[in-house]
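As provided, coords_16.cif (mmCIF, C-alpha atoms) reads as follows.
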data_query
loop_
_atom_site.label_atom_id
_atom_site.label_comp_id
_atom_site.auth_asym_id
_atom_site.auth_seq_id
_atom_site.Cartn_x
_atom_site.Cartn_y
_atom_site.Cartn_z
CA MET M 1 -15.80 15.12 0.24
CA ASP M 2 -15.19 12.50 2.95
CA VAL M 3 -12.79 9.54 2.92
CA LEU M 4 -15.32 6.98 1.71
CA GLU M 5 -16.58 9.22 -1.11
CA ARG M 6 -13.01 9.60 -2.36
CA LEU M 7 -12.46 5.85 -2.00
CA ASN M 8 -15.56 5.18 -4.10
CA GLU M 9 -14.20 7.55 -6.76
CA ALA M 10 -11.05 5.43 -6.80
CA MET M 11 -13.20 2.30 -7.26
CA ALA M 12 -14.84 3.93 -10.28
CA ARG M 13 -11.39 4.73 -11.69
CA ILE M 14 -10.47 1.05 -11.43
CA GLU M 15 -13.39 0.21 -13.74
CA ASP M 16 -12.25 2.86 -16.24
CA ASP M 17 -8.70 1.45 -16.28
CA LEU M 18 -9.41 -2.31 -16.07
CA GLU M 19 -8.61 -2.98 -19.73
CA GLY M 20 -5.02 -1.87 -19.22
CA GLU M 21 -2.78 -1.08 -16.26
CA VAL M 22 -4.45 0.05 -13.06
CA ASP M 23 -2.13 2.62 -11.45
CA VAL M 24 -2.47 2.23 -7.68
CA ARG M 25 -0.52 5.44 -7.11
CA GLN M 26 -3.16 7.30 -9.11
CA LEU M 27 -5.91 5.58 -7.10
CA ALA M 28 -4.23 6.79 -3.91
CA ARG M 29 -4.17 10.38 -5.24
CA ILE M 30 -7.88 10.15 -6.05
CA ALA M 31 -8.56 8.77 -2.56
CA GLY M 32 -6.52 11.62 -1.06
CA THR M 33 -4.14 9.34 0.79
CA SER M 34 -0.93 7.34 0.43
CA GLU M 35 -0.63 4.10 -1.54
CA TYR M 36 0.36 2.34 1.70
CA HIS M 37 -2.72 3.55 3.58
CA LEU M 38 -5.04 2.87 0.63
CA ARG M 39 -3.91 -0.75 0.44
CA ARG M 40 -4.28 -1.25 4.20
CA MET M 41 -7.70 0.43 4.38
CA PHE M 42 -9.01 -1.40 1.32
CA SER M 43 -8.01 -4.80 2.73
CA ALA M 44 -9.77 -4.02 6.02
CA LEU M 45 -12.94 -2.76 4.35
CA ALA M 46 -13.20 -5.31 1.52
CA GLY M 47 -11.75 -8.37 3.21
CA ILE M 48 -9.37 -8.97 0.26
CA PRO M 49 -6.20 -7.17 -0.90
CA LEU M 50 -6.59 -4.44 -3.51
CA SER M 51 -4.43 -6.35 -6.01
CA GLU M 52 -6.67 -9.42 -5.64
CA TYR M 53 -9.81 -7.33 -6.19
CA ILE M 54 -8.36 -5.86 -9.40
CA ARG M 55 -7.33 -9.32 -10.61
CA ARG M 56 -10.82 -10.72 -9.90
CA ARG M 57 -12.53 -7.80 -11.68
CA LYS M 58 -10.35 -8.39 -14.76
CA LEU M 59 -11.15 -12.11 -14.72
CA THR M 60 -14.86 -11.37 -14.32
CA LYS M 61 -14.75 -9.21 -17.46
CA ALA M 62 -12.67 -11.84 -19.24
CA ALA M 63 -15.20 -14.55 -18.31
CA ASN M 64 -17.99 -12.62 -20.03
CA GLU M 65 -15.92 -12.50 -23.22
CA VAL M 66 -15.01 -16.19 -22.95
CA LEU M 67 -18.68 -17.16 -22.79
CA SER M 68 -19.68 -14.81 -25.63
CA GLY M 69 -17.45 -16.77 -28.03
CA GLN M 70 -16.73 -13.74 -30.23
CA ASP M 71 -12.94 -13.50 -29.75
CA SER M 72 -10.20 -16.12 -29.54
CA LEU M 73 -9.00 -17.13 -26.09
CA LEU M 74 -5.53 -15.74 -26.88
CA ASP M 75 -6.98 -12.35 -27.83
CA ILE M 76 -8.94 -12.29 -24.56
CA ALA M 77 -5.87 -13.35 -22.57
CA ILE M 78 -3.74 -10.54 -24.04
CA ARG M 79 -6.51 -7.94 -23.63
CA TRP M 80 -6.70 -8.67 -19.90
CA GLY M 81 -2.96 -8.67 -19.24
CA TYR M 82 -1.86 -12.28 -19.74
CA GLY M 83 1.03 -13.07 -22.07
CA SER M 84 -0.04 -16.58 -23.01
CA ASN M 85 -3.00 -18.94 -23.07
CA GLU M 86 -1.34 -20.99 -20.35
CA ALA M 87 -0.97 -18.09 -17.91
CA PHE M 88 -4.53 -16.98 -18.60
CA ALA M 89 -5.87 -20.52 -18.13
CA ARG M 90 -4.14 -20.87 -14.74
CA ALA M 91 -5.53 -17.57 -13.44
CA PHE M 92 -8.97 -18.28 -14.91
CA ARG M 93 -9.14 -21.72 -13.30
CA ALA M 94 -7.96 -20.36 -9.93
CA MET M 95 -10.96 -18.00 -9.81
CA HIS M 96 -13.65 -19.87 -11.71
CA GLY M 97 -12.76 -23.49 -10.95
CA VAL M 98 -12.69 -24.38 -14.64
CA GLY M 99 -10.44 -23.51 -17.59
CA PRO M 100 -11.56 -21.00 -20.25
CA GLN M 101 -11.73 -23.58 -23.04
CA GLU M 102 -14.02 -25.88 -21.04
CA ALA M 103 -16.08 -22.92 -19.82
CA ARG M 104 -16.69 -21.83 -23.43
CA ALA M 105 -17.39 -25.32 -24.75
CA LYS M 106 -19.77 -26.39 -22.00
CA LYS M 107 -21.18 -22.98 -20.97
CA LYS M 108 -20.14 -23.63 -17.37
CA PRO M 109 -21.40 -21.27 -14.61
CA LEU M 110 -18.60 -18.92 -13.54
CA GLN M 111 -17.75 -16.73 -10.56
CA SER M 112 -18.29 -12.97 -10.59
CA GLN M 113 -16.50 -10.28 -8.59
CA GLN M 114 -19.04 -7.51 -8.15
CA ILE M 115 -18.00 -3.85 -8.23
CA LEU M 116 -17.40 -2.69 -4.67
CA THR M 117 -18.72 0.51 -3.13
CA PHE M 118 -18.16 1.51 0.47
CA ARG M 119 -20.24 3.06 3.22
CA LEU M 120 -19.50 3.49 6.90
CA VAL M 121 -21.49 1.28 9.27
CA VAL M 122 -20.60 1.70 12.94
CA GLU M 123 -21.93 -1.36 14.70
CA GLY M 124 -20.89 -0.37 18.20
CA SER M 125 -20.17 -3.99 19.04
CA THR M 126 -16.89 -3.17 20.76
CA SER M 127 -15.54 -0.29 22.82
CA MET M 128 -12.27 1.14 21.53
CA GLU M 129 -10.30 3.87 23.28
CA TYR M 130 -7.55 5.77 21.48
CA ARG M 131 -4.97 8.47 22.10
CA ILE M 132 -2.34 10.20 19.94
CA VAL M 133 1.28 9.97 21.12
CA ASN M 134 4.35 11.77 19.74
CA LYS M 135 7.35 9.65 20.64
CA GLU M 136 11.06 9.99 19.91
CA ALA M 137 13.07 7.04 18.60
CA PHE M 138 13.46 4.16 21.05
CA LYS M 139 15.04 0.74 21.34
CA VAL M 140 13.41 -2.69 21.50
CA VAL M 141 15.33 -5.79 22.59
CA GLY M 142 14.21 -9.31 21.71
CA ARG M 143 14.25 -11.66 18.75
CA GLY M 144 13.02 -11.30 15.18
CA THR M 145 12.30 -13.31 12.06
CA ARG M 146 10.67 -13.07 8.62
CA VAL M 147 7.20 -14.62 8.24
CA PRO M 148 4.45 -14.85 5.59
CA LEU M 149 1.31 -12.71 5.92
CA VAL M 150 -1.82 -14.55 7.11
CA HIS M 151 -5.11 -12.62 6.95
CA LEU M 152 -7.33 -14.82 9.12
CA GLY M 153 -6.62 -16.93 12.19
CA MET M 154 -3.31 -17.67 13.84
CA ASN M 155 -0.10 -17.30 11.85
CA PRO M 156 1.62 -20.73 12.11
CA ALA M 157 5.06 -19.27 11.41
CA ILE M 158 4.70 -16.77 14.28
CA VAL M 159 3.33 -19.44 16.63
CA GLU M 160 6.32 -21.69 15.91
CA PHE M 161 8.78 -18.81 16.24
CA VAL M 162 7.48 -17.72 19.66
CA LYS M 163 7.33 -21.34 20.81
CA GLY M 164 10.98 -21.69 19.76
CA ILE M 165 12.00 -18.72 21.92
CA GLY M 166 10.66 -20.51 24.99
CA MET M 167 9.11 -19.23 28.21
CA PRO M 168 12.40 -18.79 30.15
CA THR M 169 13.75 -16.42 27.48
CA LEU M 170 10.43 -14.58 27.20
CA GLU M 171 10.47 -14.02 30.97
CA ARG M 172 14.01 -12.60 30.74
CA MET M 173 12.80 -10.26 27.99
CA LYS M 174 9.99 -8.99 30.20
CA GLU M 175 12.48 -8.21 32.98
CA LEU M 176 14.44 -5.94 30.60
CA GLY M 177 11.44 -3.73 29.83
CA ASP M 178 11.56 -0.19 31.23
CA GLY M 179 9.72 1.99 28.70
CA GLU M 180 6.45 2.63 26.87
CA PRO M 181 4.77 0.71 25.30
CA ASN M 182 4.93 -1.53 28.34
CA GLY M 183 5.25 -5.30 28.42
CA LEU M 184 6.06 -7.88 25.77
CA LEU M 185 5.37 -6.55 22.27
CA ALA M 186 4.61 -8.22 18.95
CA ILE M 187 6.05 -5.86 16.30
CA THR M 188 5.44 -6.17 12.57
CA SER M 189 7.20 -4.10 9.90
CA ASN M 190 8.65 -4.05 6.37
CA GLN M 191 5.60 -5.75 4.88
CA GLU M 192 6.25 -6.28 1.16
CA GLY M 193 2.56 -6.33 0.20
CA THR M 194 -0.99 -7.07 1.36
CA ASP M 195 -1.52 -10.40 -0.39
CA GLU M 196 -1.71 -13.66 1.56
CA GLY M 197 1.81 -15.08 1.80
CA ASP M 198 3.65 -11.78 1.31
CA GLN M 199 6.62 -11.52 3.67
CA LEU M 200 6.98 -9.22 6.69
CA ASP M 201 9.32 -8.80 9.65
CA TYR M 202 8.11 -10.03 13.04
CA PHE M 203 9.86 -9.05 16.27
CA GLN M 204 9.06 -10.18 19.81
CA GLY M 205 10.57 -7.93 22.45
CA VAL M 206 10.35 -5.11 24.99
CA VAL M 207 11.09 -1.38 25.01
CA THR M 208 14.23 -0.86 27.07
CA SER M 209 17.19 1.43 27.68
CA ARG M 210 19.41 -1.56 28.49
CA ASP M 211 21.82 -3.42 26.20
CA ALA M 212 20.70 -6.64 24.56
CA PRO M 213 21.96 -9.91 26.08
CA GLU M 214 24.13 -12.06 23.79
CA ASP M 215 21.19 -14.28 22.78
CA MET M 216 18.97 -11.35 21.79
CA GLU M 217 19.08 -8.53 19.23
CA THR M 218 18.22 -4.84 19.16
CA MET M 219 15.63 -3.13 16.96
CA THR M 220 15.54 0.69 16.74
CA VAL M 221 12.08 2.19 16.22
CA PRO M 222 12.24 5.66 14.63
CA ALA M 223 10.38 8.71 15.90
CA HIS M 224 6.70 8.72 14.92
CA THR M 225 3.29 10.07 15.77
CA TRP M 226 1.29 7.07 16.95
CA ALA M 227 -2.40 6.32 17.20
CA VAL M 228 -2.68 4.09 20.27
CA PHE M 229 -5.80 1.94 20.57
CA ARG M 230 -6.99 0.03 23.62
CA THR M 231 -9.71 -2.59 23.60
CA GLU M 232 -10.99 -5.35 25.84
CA GLY M 233 -13.30 -8.26 25.22
CA PRO M 234 -13.66 -11.96 24.45
CA TYR M 235 -10.54 -13.77 23.31
CA PRO M 236 -9.62 -14.26 20.48
CA GLU M 237 -12.38 -12.27 18.72
CA THR M 238 -11.32 -8.94 20.22
CA ILE M 239 -7.78 -9.27 18.85
CA GLN M 240 -8.91 -10.57 15.46
CA TYR M 241 -11.37 -7.74 14.85
CA MET M 242 -9.37 -4.81 16.23
CA TRP M 243 -7.39 -4.21 13.03
CA ARG M 244 -10.56 -4.42 10.95
CA ASP M 245 -12.43 -1.94 13.15
CA ILE M 246 -9.57 0.56 13.12
CA TYR M 247 -9.34 0.64 9.33
CA ALA M 248 -13.06 0.18 8.63
CA GLN M 249 -14.39 2.62 11.24
CA TRP M 250 -11.75 4.80 12.90
CA PHE M 251 -9.63 5.90 9.94
CA PRO M 252 -12.61 6.81 7.69
CA SER M 253 -14.00 8.93 10.55
CA ASN M 254 -10.76 10.79 11.38
CA SER M 255 -8.21 13.01 9.66
CA TYR M 256 -5.29 10.66 10.33
CA ARG M 257 -3.90 8.08 7.92
CA SER M 258 -1.42 5.28 8.50
CA VAL M 259 2.19 5.57 7.32
CA GLU M 260 4.88 3.00 6.74
CA GLY M 261 6.52 1.89 9.95
CA PRO M 262 6.32 -0.80 12.61
CA SER M 263 3.00 -1.63 14.28
CA MET M 264 3.19 -2.78 17.91
CA LEU M 265 0.70 -4.97 19.74
CA GLN M 266 0.70 -5.69 23.47
CA THR M 267 -1.79 -8.30 24.68
CA GLN M 268 -2.83 -9.59 28.11
CA ILE M 269 -4.99 -12.71 28.19
CA ASP M 270 -6.95 -13.69 31.30
CA GLY M 271 -8.99 -16.81 30.65
CA ASP M 272 -11.52 -15.96 27.93
CA THR M 273 -10.86 -12.21 28.09
CA ALA M 274 -8.17 -10.20 26.34
CA LYS M 275 -6.88 -6.67 26.87
CA ALA M 276 -4.93 -5.25 23.95
CA GLU M 277 -3.05 -2.06 23.10
CA LEU M 278 -2.10 -1.44 19.47
CA TRP M 279 0.30 1.29 18.30
CA ILE M 280 0.04 2.35 14.63
CA PRO M 281 2.26 5.08 13.10
CA VAL M 282 0.13 7.85 11.57
CA THR M 283 0.20 11.31 10.04
CA SER M 284 -2.53 13.92 9.79
#
Could you show the structure in this file as structure tokens?
Amino acid sequence: MDVLERLNEAMARIEDDLEGEVDVRQLARIAGTSEYHLRRMFSALAGIPLSEYIRRRKLTKAANEVLSGQDSLLDIAIRWGYGSNEAFARAFRAMHGVGPQEARAKKKPLQSQQILTFRLVVEGSTSMEYRIVNKEAFKVVGRGTRVPLVHLGMNPAIVEFVKGIGMPTLERMKELGDGEPNGLLAITSNQEGTDEGDQLDYFQGVVTSRDAPEDMETMTVPAHTWAVFRTEGPYPETIQYMWRDIYAQWFPSNSYRSVEGPSMLQTQIDGDTAKAELWIPVTS
């Protein structure tokens, strides 16, 4: 059974467990992978976090019961995991654009989250090279911060942070670099979840054997096996789609899976063209 078949079995298990607690750890066992990798792969394939998909499926089921008029709104709220009418109404309105009481009274049209199934479609729109690297622990010198997760487009918090470092300091960072991965790196780690707004660590720096200057800090990256991807193409599309293509095409076609650890991106932009190298910690 391949990766996508196991993932579709996990999707079926979600439907079985919707009226109760969906155990993501059990879903990961069904999918034959880790909870961390399942969440990352699902977000790339579906375009929404796994937790959001489960929430929307529950609210789709709840909407059917609201419109049927057979049970009280409180009974429906409790059945689908909400402790009060108020909490249920907020979640219901966030998805459907109308509260449950109004939806029932006026038979308003509601949103529906369809059951997802997955299949591999390799479009071949971009060329992606990869290699596997076993690397001992190493040191990165630069500056770091904590930022919210943004799924699409530029992350304003990261843009402001890098702007605050300033070009003179970034140039001094580059001069310190003497190891692989080469050049100025954008490193993300310690991501608390996959939902929009969840916090993660962001570090801008270089691999080096030198000590950090007084106005910079040191980050130690532990030993890992890394999948290293290289791609080139129009900017910014190439950068925006690289993560999606890795999780939607490369991981389902290979025996590796991602593991918790920092991801490192090195980018060179020349006019409208970008060259990028992305390091992701993996295990087989």
I'd like the interatomic distance between atom CA of M:Val66 and atom CA of M:Leu50, to a tenth of an Å.
24.2 Å
Give me, as CSV, each residue of stretch 139-201 of chain M that comes within 6 Å of stretch 207-229 of chain M, together with its shortest interatomic pair and the distance in Å at one decimal, counting all atoms listed in the file, with rows ordered by chain and rising residue number.
residue,atom,partner,partner_atom,distance
M:Lys139,CA,M:Thr220,CA,4.6
M:Val140,CA,M:Val207,CA,4.4
M:Val141,CA,M:Thr218,CA,4.6
M:Gly142,CA,M:Met216,CA,5.2
M:Arg143,CA,M:Met216,CA,5.6
M:Gly177,CA,M:Thr208,CA,4.9
M:Asp178,CA,M:Thr208,CA,5.0
M:Gly179,CA,M:Val207,CA,5.2
Put a box with edges along x, y and z around all the listed atoms of stretch 217-227 of chain M, pad it by 6 Å on each side, then give me its centre and sizes in Å, one decimal, as lines of an AutoDock Vina configuration file.
center_x = 8.3
center_y = 0.8
center_z = 16.9
size_x = 33.5
size_y = 30.6
size_z = 16.6
Please identify all polymer residues within 9 Å of M:Val98, counting all atoms listed in the file, omitting same-chain residues fewer than 6 positions from it, and present them as a PyMOL selection string.
chain M and resi 89+92+108+110
May I ask for the distance between atom CA of M:Glu15 and atom CA of M:Pro49, given in Å to one decimal place?
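Result for atom CA of M:Glu15 versus atom CA of M:Pro49: 16.5 Å, one decimal.
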Between M:Tyr82, M:Ala87, M:Glu129, M:Glu21, which one has atoms that come closest to M:Trp250, using all atoms listed in the file?
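Among M:Tyr82, M:Ala87, M:Glu129, M:Glu21, it is M:Glu129 that comes nearest to M:Trp250.
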Under the rule that all atoms listed in the file are counted, which of M:Thr60, M:Thr169, M:Thr188, M:Thr145 is the nearest residue to M:Met264?
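For M:Met264, the nearest of the candidates is M:Thr188.
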Can you translate the PyMOL selection byres ((chain M and resi 237) around 12) into the concrete residues it hits in this file, as a ChimeraX atom specification?
/M:125-126,152-154,231-236,238-245,272-276
Can you work out which one of M:Ser34, M:Leu18, M:Ala44, M:Val206 has the shortest atom-to-atom distance to M:Arg172, counting only C-alpha atoms?
M:Val206
Work out how far apart atom CA of M:Glu160 and atom CA of M:Tyr202 are and give it in Å to one decimal.
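The value is 12.1 Å.
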Have a look at M:Asp2, M:Asp17, M:Asp201, M:Glu35 and name the one nearest to M:Lys58; count all atoms listed in the file.
M:Asp17
Expected selection from the PyMOL selection byres ((chain M and resi 261) around 7), given as a PyMOL selection string:
chain M and resi 189+259-260+262-263+281
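Distances from M:Leu116, M:Ala105, M:Val22, M:Val133 to M:Ser68 were compared using only C-alpha atoms, and the smallest one belongs to M:Ala105.
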Here is a test: counting only C-alpha atoms, which residue of M:Gly205, M:Ile48, M:Glu192, M:Ile269 is nearest to M:Ile165?
M:Gly205
Quick check on the file I pasted: which residues fall under the PyMOL selection byres ((chain M and resi 12) around 12)? Write them as an NGL selection string.
:M and (5-11 or 13-18 or 22 or 27 or 30-31 or 54 or 115-118)
